[in-house]
Amino acid sequence: MDSTLFNSVAYDLPVLTDSWRLWFIDGYTIALAASVVLGSRLGARLGPGVTLAVGLLVFAISGAAPALLGSPEAWTVTRFVQGFGYALIVSSVASVIGGLPHTAERTLGYSLWITTYSIGAGTGPLIGRAFVDMGAYTLLFWLPAAIAVVCGVLATLMLRGIDLGQAVSAKIDVVSSALALLGFGLFVAGLQSHGGVLGRVLATVAGCVILGVFCVRQLRSRDPLIDVRMLPFSRLGSCSLSLVVGSACYTGSVFLFSAQADSLLSVLPISVLALWVSLGGFIFHRLQSRFSPVHMLQVSLAACAVGLVTAAFVGLWPASFLIGLGVGVSMASGDAYLLGSVPPKDVARAAALQETSLAVGAALGVAGFGGIFAATGSVAATAVIAAVLVTVTVWALRYNRGVLTA
């Protein structure tokens, strides 16, 4: 709820200027992408109950802080910190579900997680627009913080005794996490539309170099945060790419559709888009027997591309259905093939790759769509350019020669 809430009302928050709006949204997802695996390691060391409670506490304090602050710089810093808190929340929830002893329980756990996530994502834009229209935008910071405090108390009472027995093998590599945060942050900075061209190019180059150092460090590590050896395109690279692109289409579309939303009715397509993502898992299981894995990934992303073109030339309502379904199926299929194509001993590393891919896509979607929109000033042009980029990904997937299973 918190993510789509601020994604959809960023243009209406008075403190944020054009040069800080994208950073306010992206700071959250950059911190999440860089620290979600580190959060999993901390959860293994401390226990998922402690990690969840700490994450909720960090989330609540940093989430409420902007209500007491008045500068875009301070807002953006607190949003970064809130992203770290959310990384602890996500990783602890994932570890609890993944630690369930029976497959049926794990399946039910993931289904409930996706369903509640989609409901929250769908209601976020409605709550955001309602509060902004009432002139009570500061309540947007207090509401998620209050919910986080209540959940933190429940986590402390109900989950403090859970021990997944992973502490012995849980290495906490702070240096790699710092490299990931700095490299990815600089790379996203290059995509942002504000600042001089030379500065943006230098930021992109520096980000790529630091990410290269991060990858070399992971290759040499016996217990890497992200096992980059899993990323050959014919193995899991295509699944990871699909998750990144699908997640980017989702967050980018929410941001783009919100750019011209000025009433509660105008944000309804955004909520519909978010809610339709929840149907992706059901539709994937209905269709996977009719398509090969690569074709499944291609069809789902092609639906996203068609939805973006529909948004440019037809309207947001049909576009929200197409993009929502496309994103939902691409995420469900990417998750299933990525986790199902590795032996049991590698599932934990594949899960880390999955969570990171989704978080990276979330940040790139806002930065990419937002940068194109700032340059063109047109929702239609931005949607068409994004559709072309998604189509290139669909074309690239045809060169996958690996064997993927769900």
# chains A, B, ... in the order shown; residues from 1 in each chain; ligands from 1
>>> residues_around(residues="range 59-72 of chain A", least_positions_apart="6", cutoff="12 Å", atoms="only C-alpha atoms", output="ChimeraX atom specification")
/A:2-3,6,10,13-25,28,32,51-53,78-90,136-153
>>> residues_around(residues="Ser240 in chain A", least_positions_apart="5", cutoff="8 Å", atoms="only C-alpha atoms", output="ChimeraX atom specification")
/A:231,334,338,353-354,357
>>> write_last_selection(atoms="N, CA, C and O atoms", output="mmCIF file, in the first residue's frame")
data_model
loop_
_atom_site.group_PDB
_atom_site.id
_atom_site.type_symbol
_atom_site.label_atom_id
_atom_site.label_comp_id
_atom_site.auth_asym_id
_atom_site.auth_seq_id
_atom_site.Cartn_x
_atom_site.Cartn_y
_atom_site.Cartn_z
ATOM 1 N N LEU A 231 23.306 -16.685 -13.709
ATOM 2 C CA LEU A 231 22.707 -15.745 -14.641
ATOM 3 C C LEU A 231 23.022 -15.939 -16.118
ATOM 4 O O LEU A 231 22.676 -15.069 -16.909
ATOM 5 N N GLY A 334 7.970 -16.121 -14.183
ATOM 6 C CA GLY A 334 9.373 -15.918 -13.862
ATOM 7 C C GLY A 334 9.747 -16.544 -12.533
ATOM 8 O O GLY A 334 10.785 -17.209 -12.409
ATOM 9 N N LEU A 338 12.175 -19.796 -12.384
ATOM 10 C CA LEU A 338 13.459 -19.531 -11.738
ATOM 11 C C LEU A 338 13.672 -20.461 -10.544
ATOM 12 O O LEU A 338 14.748 -21.039 -10.373
ATOM 13 N N LEU A 353 17.974 -14.288 -5.877
ATOM 14 C CA LEU A 353 17.999 -13.696 -7.209
ATOM 15 C C LEU A 353 16.616 -13.204 -7.613
ATOM 16 O O LEU A 353 16.467 -12.118 -8.203
ATOM 17 N N GLN A 354 15.594 -13.961 -7.254
ATOM 18 C CA GLN A 354 14.214 -13.578 -7.571
ATOM 19 C C GLN A 354 13.816 -12.277 -6.880
ATOM 20 O O GLN A 354 13.315 -11.341 -7.513
ATOM 21 N N SER A 357 15.692 -9.316 -8.322
ATOM 22 C CA SER A 357 15.228 -8.959 -9.664
ATOM 23 C C SER A 357 13.963 -8.113 -9.604
ATOM 24 O O SER A 357 13.820 -7.114 -10.317
#
>>> residues_around(residues="Leu308 in chain A", least_positions_apart="6", cutoff="7 Å", atoms="only C-alpha atoms", output="ChimeraX atom specification")
/A:319,383-384,387
>>> residues_around(residues="Cys215 in chain A", least_positions_apart="4", cutoff="7 Å", atoms="only C-alpha atoms", output="MDAnalysis selection string")
chainID A and resid 211 219 228
>>> write_last_selection(atoms="N, CA, C and O atoms", output="CSV table (one decimal), in the first residue's frame")
chain,number,residue,atom,x,y,z
A,211,LEU,N,29.2,-2.0,-10.0
A,211,LEU,CA,28.4,-3.2,-10.1
A,211,LEU,C,29.3,-4.3,-10.6
A,211,LEU,O,29.2,-5.5,-10.2
A,219,LEU,N,31.5,-13.7,-7.6
A,219,LEU,CA,32.1,-14.9,-8.2
A,219,LEU,C,33.2,-15.5,-7.4
A,219,LEU,O,33.4,-16.7,-7.4
A,228,VAL,N,25.8,-14.8,-9.1
A,228,VAL,CA,25.8,-14.4,-10.5
A,228,VAL,C,26.1,-15.5,-11.5
A,228,VAL,O,25.9,-15.4,-12.7
>>> select_by_dssp(residues="range 247-358 of chain A", states="helix (DSSP H, G or I)", output="mmCIF file with N, CA and C atoms, in the first residue's frame")
data_model
loop_
_atom_site.group_PDB
_atom_site.id
_atom_site.type_symbol
_atom_site.label_atom_id
_atom_site.label_comp_id
_atom_site.auth_asym_id
_atom_site.auth_seq_id
_atom_site.Cartn_x
_atom_site.Cartn_y
_atom_site.Cartn_z
ATOM 1 N N SER A 247 8.355 -6.235 -13.463
ATOM 2 C CA SER A 247 8.272 -5.343 -12.313
ATOM 3 C C SER A 247 8.410 -3.878 -12.729
ATOM 4 N N ALA A 248 9.294 -3.611 -13.707
ATOM 5 C CA ALA A 248 9.465 -2.241 -14.198
ATOM 6 C C ALA A 248 8.199 -1.738 -14.884
ATOM 7 N N CYS A 249 7.552 -2.593 -15.656
ATOM 8 C CA CYS A 249 6.287 -2.203 -16.299
ATOM 9 C C CYS A 249 5.237 -1.850 -15.254
ATOM 10 N N TYR A 250 5.231 -2.594 -14.163
ATOM 11 C CA TYR A 250 4.234 -2.353 -13.118
ATOM 12 C C TYR A 250 4.450 -1.000 -12.443
ATOM 13 N N THR A 251 5.634 -0.790 -11.863
ATOM 14 C CA THR A 251 5.871 0.464 -11.139
ATOM 15 C C THR A 251 5.902 1.660 -12.084
ATOM 16 N N GLY A 252 6.466 1.463 -13.284
ATOM 17 C CA GLY A 252 6.505 2.552 -14.246
ATOM 18 C C GLY A 252 5.124 2.962 -14.707
ATOM 19 N N SER A 253 4.238 1.979 -14.914
ATOM 20 C CA SER A 253 2.874 2.290 -15.355
ATOM 21 C C SER A 253 2.093 3.011 -14.269
ATOM 22 N N VAL A 254 2.261 2.565 -13.014
ATOM 23 C CA VAL A 254 1.586 3.255 -11.908
ATOM 24 C C VAL A 254 2.022 4.716 -11.855
ATOM 25 N N PHE A 255 3.332 4.948 -11.978
ATOM 26 C CA PHE A 255 3.843 6.312 -11.947
ATOM 27 C C PHE A 255 3.328 7.123 -13.140
ATOM 28 N N LEU A 256 3.358 6.519 -14.326
ATOM 29 C CA LEU A 256 2.964 7.232 -15.542
ATOM 30 C C LEU A 256 1.477 7.563 -15.534
ATOM 31 N N PHE A 257 0.638 6.600 -15.154
ATOM 32 C CA PHE A 257 -0.802 6.835 -15.148
ATOM 33 C C PHE A 257 -1.191 7.870 -14.105
ATOM 34 N N SER A 258 -0.356 8.014 -13.066
ATOM 35 C CA SER A 258 -0.654 8.986 -12.011
ATOM 36 C C SER A 258 -0.272 10.404 -12.399
ATOM 37 N N LEU A 265 -11.701 9.308 -9.322
ATOM 38 C CA LEU A 265 -12.121 8.475 -10.450
ATOM 39 C C LEU A 265 -10.956 8.206 -11.404
ATOM 40 N N SER A 266 -10.086 9.165 -11.571
ATOM 41 C CA SER A 266 -9.002 9.010 -12.533
ATOM 42 C C SER A 266 -7.911 8.055 -12.058
ATOM 43 N N VAL A 267 -7.877 7.734 -10.757
ATOM 44 C CA VAL A 267 -6.871 6.780 -10.283
ATOM 45 C C VAL A 267 -7.416 5.352 -10.227
ATOM 46 N N LEU A 268 -8.691 5.165 -10.530
ATOM 47 C CA LEU A 268 -9.254 3.815 -10.502
ATOM 48 C C LEU A 268 -8.533 2.849 -11.446
ATOM 49 N N PRO A 269 -8.166 3.275 -12.670
ATOM 50 C CA PRO A 269 -7.413 2.339 -13.521
ATOM 51 C C PRO A 269 -6.111 1.852 -12.887
ATOM 52 N N ILE A 270 -5.487 2.701 -12.070
ATOM 53 C CA ILE A 270 -4.248 2.305 -11.403
ATOM 54 C C ILE A 270 -4.539 1.201 -10.392
ATOM 55 N N SER A 271 -5.621 1.338 -9.655
ATOM 56 C CA SER A 271 -5.989 0.306 -8.694
ATOM 57 C C SER A 271 -6.367 -0.985 -9.391
ATOM 58 N N VAL A 272 -7.079 -0.864 -10.508
ATOM 59 C CA VAL A 272 -7.445 -2.061 -11.282
ATOM 60 C C VAL A 272 -6.194 -2.773 -11.779
ATOM 61 N N LEU A 273 -5.217 -2.004 -12.250
ATOM 62 C CA LEU A 273 -3.955 -2.585 -12.705
ATOM 63 C C LEU A 273 -3.316 -3.408 -11.587
ATOM 64 N N ALA A 274 -3.259 -2.837 -10.386
ATOM 65 C CA ALA A 274 -2.626 -3.527 -9.268
ATOM 66 C C ALA A 274 -3.394 -4.783 -8.873
ATOM 67 N N LEU A 275 -4.720 -4.705 -8.859
ATOM 68 C CA LEU A 275 -5.517 -5.857 -8.457
ATOM 69 C C LEU A 275 -5.440 -6.992 -9.474
ATOM 70 N N TRP A 276 -5.336 -6.654 -10.752
ATOM 71 C CA TRP A 276 -5.260 -7.699 -11.770
ATOM 72 C C TRP A 276 -3.947 -8.455 -11.714
ATOM 73 N N VAL A 277 -2.922 -7.863 -11.153
ATOM 74 C CA VAL A 277 -1.653 -8.581 -10.996
ATOM 75 C C VAL A 277 -1.858 -9.844 -10.161
ATOM 76 N N GLY A 280 -2.385 -13.191 -11.854
ATOM 77 C CA GLY A 280 -1.329 -13.747 -12.686
ATOM 78 C C GLY A 280 -1.004 -15.188 -12.368
ATOM 79 N N GLY A 281 -0.923 -15.521 -11.060
ATOM 80 C CA GLY A 281 -0.596 -16.889 -10.685
ATOM 81 C C GLY A 281 -1.637 -17.875 -11.168
ATOM 82 N N PHE A 282 -2.916 -17.535 -11.023
ATOM 83 C CA PHE A 282 -3.991 -18.424 -11.470
ATOM 84 C C PHE A 282 -3.946 -18.616 -12.988
ATOM 85 N N ILE A 283 -3.795 -17.527 -13.718
ATOM 86 C CA ILE A 283 -3.775 -17.628 -15.184
ATOM 87 C C ILE A 283 -2.539 -18.385 -15.653
ATOM 88 N N PHE A 284 -1.402 -18.172 -14.974
ATOM 89 C CA PHE A 284 -0.183 -18.894 -15.355
ATOM 90 C C PHE A 284 -0.389 -20.401 -15.256
ATOM 91 N N HIS A 285 -0.950 -20.859 -14.148
ATOM 92 C CA HIS A 285 -1.152 -22.299 -13.980
ATOM 93 C C HIS A 285 -2.163 -22.857 -14.972
ATOM 94 N N ARG A 286 -3.066 -22.020 -15.456
ATOM 95 C CA ARG A 286 -4.032 -22.463 -16.464
ATOM 96 C C ARG A 286 -3.415 -22.541 -17.854
ATOM 97 N N LEU A 287 -2.407 -21.717 -18.102
ATOM 98 C CA LEU A 287 -1.854 -21.620 -19.455
ATOM 99 C C LEU A 287 -0.516 -22.319 -19.639
ATOM 100 N N PRO A 293 7.989 -22.764 -21.666
ATOM 101 C CA PRO A 293 8.391 -21.719 -20.712
ATOM 102 C C PRO A 293 8.781 -20.402 -21.367
ATOM 103 N N VAL A 294 9.604 -20.459 -22.417
ATOM 104 C CA VAL A 294 10.039 -19.229 -23.074
ATOM 105 C C VAL A 294 8.857 -18.522 -23.718
ATOM 106 N N HIS A 295 7.964 -19.282 -24.356
ATOM 107 C CA HIS A 295 6.777 -18.671 -24.957
ATOM 108 C C HIS A 295 5.880 -18.054 -23.892
ATOM 109 N N MET A 296 5.823 -18.691 -22.717
ATOM 110 C CA MET A 296 5.019 -18.143 -21.623
ATOM 111 C C MET A 296 5.555 -16.778 -21.202
ATOM 112 N N LEU A 297 6.867 -16.686 -21.075
ATOM 113 C CA LEU A 297 7.471 -15.407 -20.719
ATOM 114 C C LEU A 297 7.238 -14.373 -21.811
ATOM 115 N N GLN A 298 7.359 -14.808 -23.069
ATOM 116 C CA GLN A 298 7.168 -13.880 -24.189
ATOM 117 C C GLN A 298 5.737 -13.376 -24.260
ATOM 118 N N VAL A 299 4.768 -14.278 -24.110
ATOM 119 C CA VAL A 299 3.359 -13.892 -24.223
ATOM 120 C C VAL A 299 2.989 -12.895 -23.127
ATOM 121 N N SER A 300 3.459 -13.146 -21.903
ATOM 122 C CA SER A 300 3.104 -12.250 -20.797
ATOM 123 C C SER A 300 3.693 -10.859 -20.998
ATOM 124 N N LEU A 301 4.951 -10.784 -21.419
ATOM 125 C CA LEU A 301 5.560 -9.465 -21.641
ATOM 126 C C LEU A 301 4.967 -8.792 -22.878
ATOM 127 N N ALA A 302 4.589 -9.586 -23.883
ATOM 128 C CA ALA A 302 3.928 -9.006 -25.057
ATOM 129 C C ALA A 302 2.601 -8.359 -24.662
ATOM 130 N N ALA A 303 1.900 -8.965 -23.697
ATOM 131 C CA ALA A 303 0.653 -8.363 -23.215
ATOM 132 C C ALA A 303 0.938 -7.008 -22.555
ATOM 133 N N CYS A 304 2.059 -6.910 -21.840
ATOM 134 C CA CYS A 304 2.444 -5.618 -21.253
ATOM 135 C C CYS A 304 2.692 -4.578 -22.345
ATOM 136 N N ALA A 305 3.404 -4.993 -23.413
ATOM 137 C CA ALA A 305 3.700 -4.068 -24.507
ATOM 138 C C ALA A 305 2.416 -3.603 -25.188
ATOM 139 N N VAL A 306 1.496 -4.528 -25.441
ATOM 140 C CA VAL A 306 0.217 -4.165 -26.063
ATOM 141 C C VAL A 306 -0.566 -3.234 -25.145
ATOM 142 N N GLY A 307 -0.503 -3.503 -23.832
ATOM 143 C CA GLY A 307 -1.196 -2.639 -22.890
ATOM 144 C C GLY A 307 -0.646 -1.226 -22.883
ATOM 145 N N LEU A 308 0.667 -1.088 -23.008
ATOM 146 C CA LEU A 308 1.266 0.251 -23.056
ATOM 147 C C LEU A 308 0.842 0.992 -24.320
ATOM 148 N N VAL A 309 0.810 0.310 -25.453
ATOM 149 C CA VAL A 309 0.344 0.941 -26.695
ATOM 150 C C VAL A 309 -1.127 1.318 -26.563
ATOM 151 N N THR A 310 -1.904 0.448 -25.912
ATOM 152 C CA THR A 310 -3.321 0.751 -25.685
ATOM 153 C C THR A 310 -3.476 1.996 -24.819
ATOM 154 N N ALA A 311 -2.615 2.154 -23.810
ATOM 155 C CA ALA A 311 -2.665 3.343 -22.975
ATOM 156 C C ALA A 311 -2.383 4.602 -23.781
ATOM 157 N N ALA A 312 -1.519 4.476 -24.803
ATOM 158 C CA ALA A 312 -1.157 5.646 -25.603
ATOM 159 C C ALA A 312 -2.264 6.056 -26.558
ATOM 160 N N PHE A 313 -2.985 5.099 -27.130
ATOM 161 C CA PHE A 313 -3.896 5.423 -28.229
ATOM 162 C C PHE A 313 -5.368 5.107 -27.966
ATOM 163 N N LEU A 316 -6.871 4.317 -20.607
ATOM 164 C CA LEU A 316 -6.216 3.675 -19.477
ATOM 165 C C LEU A 316 -6.981 2.459 -18.957
ATOM 166 N N TRP A 317 -8.295 2.438 -19.123
ATOM 167 C CA TRP A 317 -9.052 1.303 -18.589
ATOM 168 C C TRP A 317 -8.663 -0.005 -19.264
ATOM 169 N N PRO A 318 -8.761 -0.123 -20.601
ATOM 170 C CA PRO A 318 -8.318 -1.391 -21.210
ATOM 171 C C PRO A 318 -6.825 -1.634 -21.013
ATOM 172 N N ALA A 319 -6.036 -0.560 -20.983
ATOM 173 C CA ALA A 319 -4.599 -0.723 -20.766
ATOM 174 C C ALA A 319 -4.320 -1.320 -19.398
ATOM 175 N N SER A 320 -5.064 -0.905 -18.375
ATOM 176 C CA SER A 320 -4.821 -1.417 -17.029
ATOM 177 C C SER A 320 -5.076 -2.916 -16.943
ATOM 178 N N PHE A 321 -6.100 -3.396 -17.663
ATOM 179 C CA PHE A 321 -6.370 -4.838 -17.685
ATOM 180 C C PHE A 321 -5.223 -5.595 -18.346
ATOM 181 N N LEU A 322 -4.784 -5.127 -19.502
ATOM 182 C CA LEU A 322 -3.734 -5.814 -20.244
ATOM 183 C C LEU A 322 -2.401 -5.790 -19.489
ATOM 184 N N ILE A 323 -2.011 -4.615 -18.986
ATOM 185 C CA ILE A 323 -0.737 -4.513 -18.273
ATOM 186 C C ILE A 323 -0.792 -5.309 -16.977
ATOM 187 N N GLY A 324 -1.905 -5.208 -16.248
ATOM 188 C CA GLY A 324 -2.026 -5.956 -14.998
ATOM 189 C C GLY A 324 -1.902 -7.452 -15.211
ATOM 190 N N LEU A 325 -2.605 -7.980 -16.211
ATOM 191 C CA LEU A 325 -2.517 -9.412 -16.489
ATOM 192 C C LEU A 325 -1.127 -9.795 -16.978
ATOM 193 N N GLY A 326 -0.569 -8.977 -17.864
ATOM 194 C CA GLY A 326 0.765 -9.269 -18.379
ATOM 195 C C GLY A 326 1.805 -9.289 -17.281
ATOM 196 N N VAL A 327 1.755 -8.287 -16.400
ATOM 197 C CA VAL A 327 2.707 -8.230 -15.288
ATOM 198 C C VAL A 327 2.495 -9.413 -14.342
ATOM 199 N N GLY A 328 1.241 -9.704 -14.026
ATOM 200 C CA GLY A 328 0.962 -10.809 -13.114
ATOM 201 C C GLY A 328 1.467 -12.140 -13.632
ATOM 202 N N VAL A 329 1.215 -12.413 -14.913
ATOM 203 C CA VAL A 329 1.664 -13.688 -15.488
ATOM 204 C C VAL A 329 3.182 -13.720 -15.614
ATOM 205 N N SER A 330 3.796 -12.598 -16.005
ATOM 206 C CA SER A 330 5.256 -12.588 -16.147
ATOM 207 C C SER A 330 5.933 -12.806 -14.797
ATOM 208 N N MET A 331 5.381 -12.210 -13.738
ATOM 209 C CA MET A 331 5.966 -12.418 -12.412
ATOM 210 C C MET A 331 5.757 -13.853 -11.953
ATOM 211 N N ALA A 332 4.548 -14.373 -12.133
ATOM 212 C CA ALA A 332 4.274 -15.745 -11.693
ATOM 213 C C ALA A 332 5.122 -16.755 -12.464
ATOM 214 N N SER A 333 5.222 -16.574 -13.782
ATOM 215 C CA SER A 333 6.007 -17.512 -14.583
ATOM 216 C C SER A 333 7.496 -17.359 -14.301
ATOM 217 N N GLY A 334 7.970 -16.121 -14.183
ATOM 218 C CA GLY A 334 9.373 -15.918 -13.862
ATOM 219 C C GLY A 334 9.747 -16.544 -12.533
ATOM 220 N N ASP A 335 8.896 -16.349 -11.519
ATOM 221 C CA ASP A 335 9.151 -16.964 -10.211
ATOM 222 C C ASP A 335 9.166 -18.489 -10.309
ATOM 223 N N ALA A 336 8.149 -19.035 -10.963
ATOM 224 C CA ALA A 336 8.010 -20.492 -11.025
ATOM 225 C C ALA A 336 9.176 -21.138 -11.771
ATOM 226 N N TYR A 337 9.559 -20.574 -12.911
ATOM 227 C CA TYR A 337 10.644 -21.166 -13.690
ATOM 228 C C TYR A 337 11.995 -20.957 -13.017
ATOM 229 N N LEU A 338 12.175 -19.796 -12.384
ATOM 230 C CA LEU A 338 13.459 -19.531 -11.738
ATOM 231 C C LEU A 338 13.672 -20.461 -10.544
ATOM 232 N N LEU A 339 12.638 -20.626 -9.718
ATOM 233 C CA LEU A 339 12.768 -21.468 -8.533
ATOM 234 C C LEU A 339 12.634 -22.949 -8.863
ATOM 235 N N GLY A 340 11.931 -23.256 -9.962
ATOM 236 C CA GLY A 340 11.707 -24.655 -10.303
ATOM 237 C C GLY A 340 12.798 -25.275 -11.149
ATOM 238 N N PRO A 344 17.255 -28.617 -5.256
ATOM 239 C CA PRO A 344 16.832 -28.119 -3.943
ATOM 240 C C PRO A 344 17.914 -27.365 -3.184
ATOM 241 N N LYS A 345 19.175 -27.757 -3.348
ATOM 242 C CA LYS A 345 20.239 -27.090 -2.602
ATOM 243 C C LYS A 345 20.466 -25.648 -3.059
ATOM 244 N N ASP A 346 19.990 -25.304 -4.249
ATOM 245 C CA ASP A 346 20.194 -23.953 -4.790
ATOM 246 C C ASP A 346 18.954 -23.080 -4.714
ATOM 247 N N VAL A 347 17.882 -23.579 -4.102
ATOM 248 C CA VAL A 347 16.632 -22.820 -4.082
ATOM 249 C C VAL A 347 16.798 -21.503 -3.327
ATOM 250 N N ALA A 348 17.548 -21.527 -2.219
ATOM 251 C CA ALA A 348 17.719 -20.299 -1.431
ATOM 252 C C ALA A 348 18.421 -19.223 -2.249
ATOM 253 N N ARG A 349 19.455 -19.610 -3.012
ATOM 254 C CA ARG A 349 20.156 -18.630 -3.843
ATOM 255 C C ARG A 349 19.278 -18.154 -4.995
ATOM 256 N N ALA A 350 18.479 -19.055 -5.558
ATOM 257 C CA ALA A 350 17.560 -18.640 -6.612
ATOM 258 C C ALA A 350 16.512 -17.681 -6.067
ATOM 259 N N ALA A 351 16.053 -17.915 -4.836
ATOM 260 C CA ALA A 351 15.081 -17.011 -4.219
ATOM 261 C C ALA A 351 15.681 -15.624 -4.002
ATOM 262 N N ALA A 352 16.963 -15.576 -3.631
ATOM 263 C CA ALA A 352 17.627 -14.276 -3.471
ATOM 264 C C ALA A 352 17.691 -13.548 -4.800
ATOM 265 N N LEU A 353 17.974 -14.288 -5.877
ATOM 266 C CA LEU A 353 17.999 -13.696 -7.209
ATOM 267 C C LEU A 353 16.616 -13.204 -7.613
ATOM 268 N N GLN A 354 15.594 -13.961 -7.254
ATOM 269 C CA GLN A 354 14.214 -13.578 -7.571
ATOM 270 C C GLN A 354 13.816 -12.277 -6.880
ATOM 271 N N GLU A 355 14.057 -12.214 -5.564
ATOM 272 C CA GLU A 355 13.669 -11.025 -4.803
ATOM 273 C C GLU A 355 14.428 -9.791 -5.284
ATOM 274 N N THR A 356 15.710 -9.970 -5.584
ATOM 275 C CA THR A 356 16.507 -8.837 -6.057
ATOM 276 C C THR A 356 16.038 -8.380 -7.431
ATOM 277 N N SER A 357 15.692 -9.316 -8.322
ATOM 278 C CA SER A 357 15.228 -8.959 -9.664
ATOM 279 C C SER A 357 13.963 -8.113 -9.604
ATOM 280 N N LEU A 358 13.034 -8.511 -8.742
ATOM 281 C CA LEU A 358 11.789 -7.753 -8.613
ATOM 282 C C LEU A 358 12.053 -6.344 -8.074
#
>>> residues_around(residues="Val360 in chain A", least_positions_apart="5", cutoff="8 Å", atoms="only C-alpha atoms", output="ChimeraX atom specification")
/A:29-30,33,244
>>> write_last_selection(atoms="N, CA, C and O atoms", output="PDB file, in the first residue's frame")
ATOM      1  N   THR A  29      13.018   1.908  -3.383  1.00  0.00           N
ATOM      2  CA  THR A  29      13.270   0.659  -4.080  1.00  0.00           C
ATOM      3  C   THR A  29      14.756   0.391  -4.280  1.00  0.00           C
ATOM      4  O   THR A  29      15.166  -0.762  -4.368  1.00  0.00           O
ATOM      5  N   ILE A  30      15.572   1.450  -4.371  1.00  0.00           N
ATOM      6  CA  ILE A  30      17.020   1.239  -4.462  1.00  0.00           C
ATOM      7  C   ILE A  30      17.523   0.580  -3.178  1.00  0.00           C
ATOM      8  O   ILE A  30      18.285  -0.400  -3.213  1.00  0.00           O
ATOM      9  N   ALA A  33      16.327  -3.058  -3.145  1.00  0.00           N
ATOM     10  CA  ALA A  33      17.056  -3.935  -4.059  1.00  0.00           C
ATOM     11  C   ALA A  33      18.444  -4.266  -3.535  1.00  0.00           C
ATOM     12  O   ALA A  33      18.936  -5.387  -3.714  1.00  0.00           O
ATOM     13  N   VAL A 244      12.571  -8.576 -13.975  1.00  0.00           N
ATOM     14  CA  VAL A 244      12.964  -7.167 -13.959  1.00  0.00           C
ATOM     15  C   VAL A 244      12.043  -6.343 -14.849  1.00  0.00           C
ATOM     16  O   VAL A 244      11.532  -5.285 -14.433  1.00  0.00           O
TER      17      VAL A 244
END
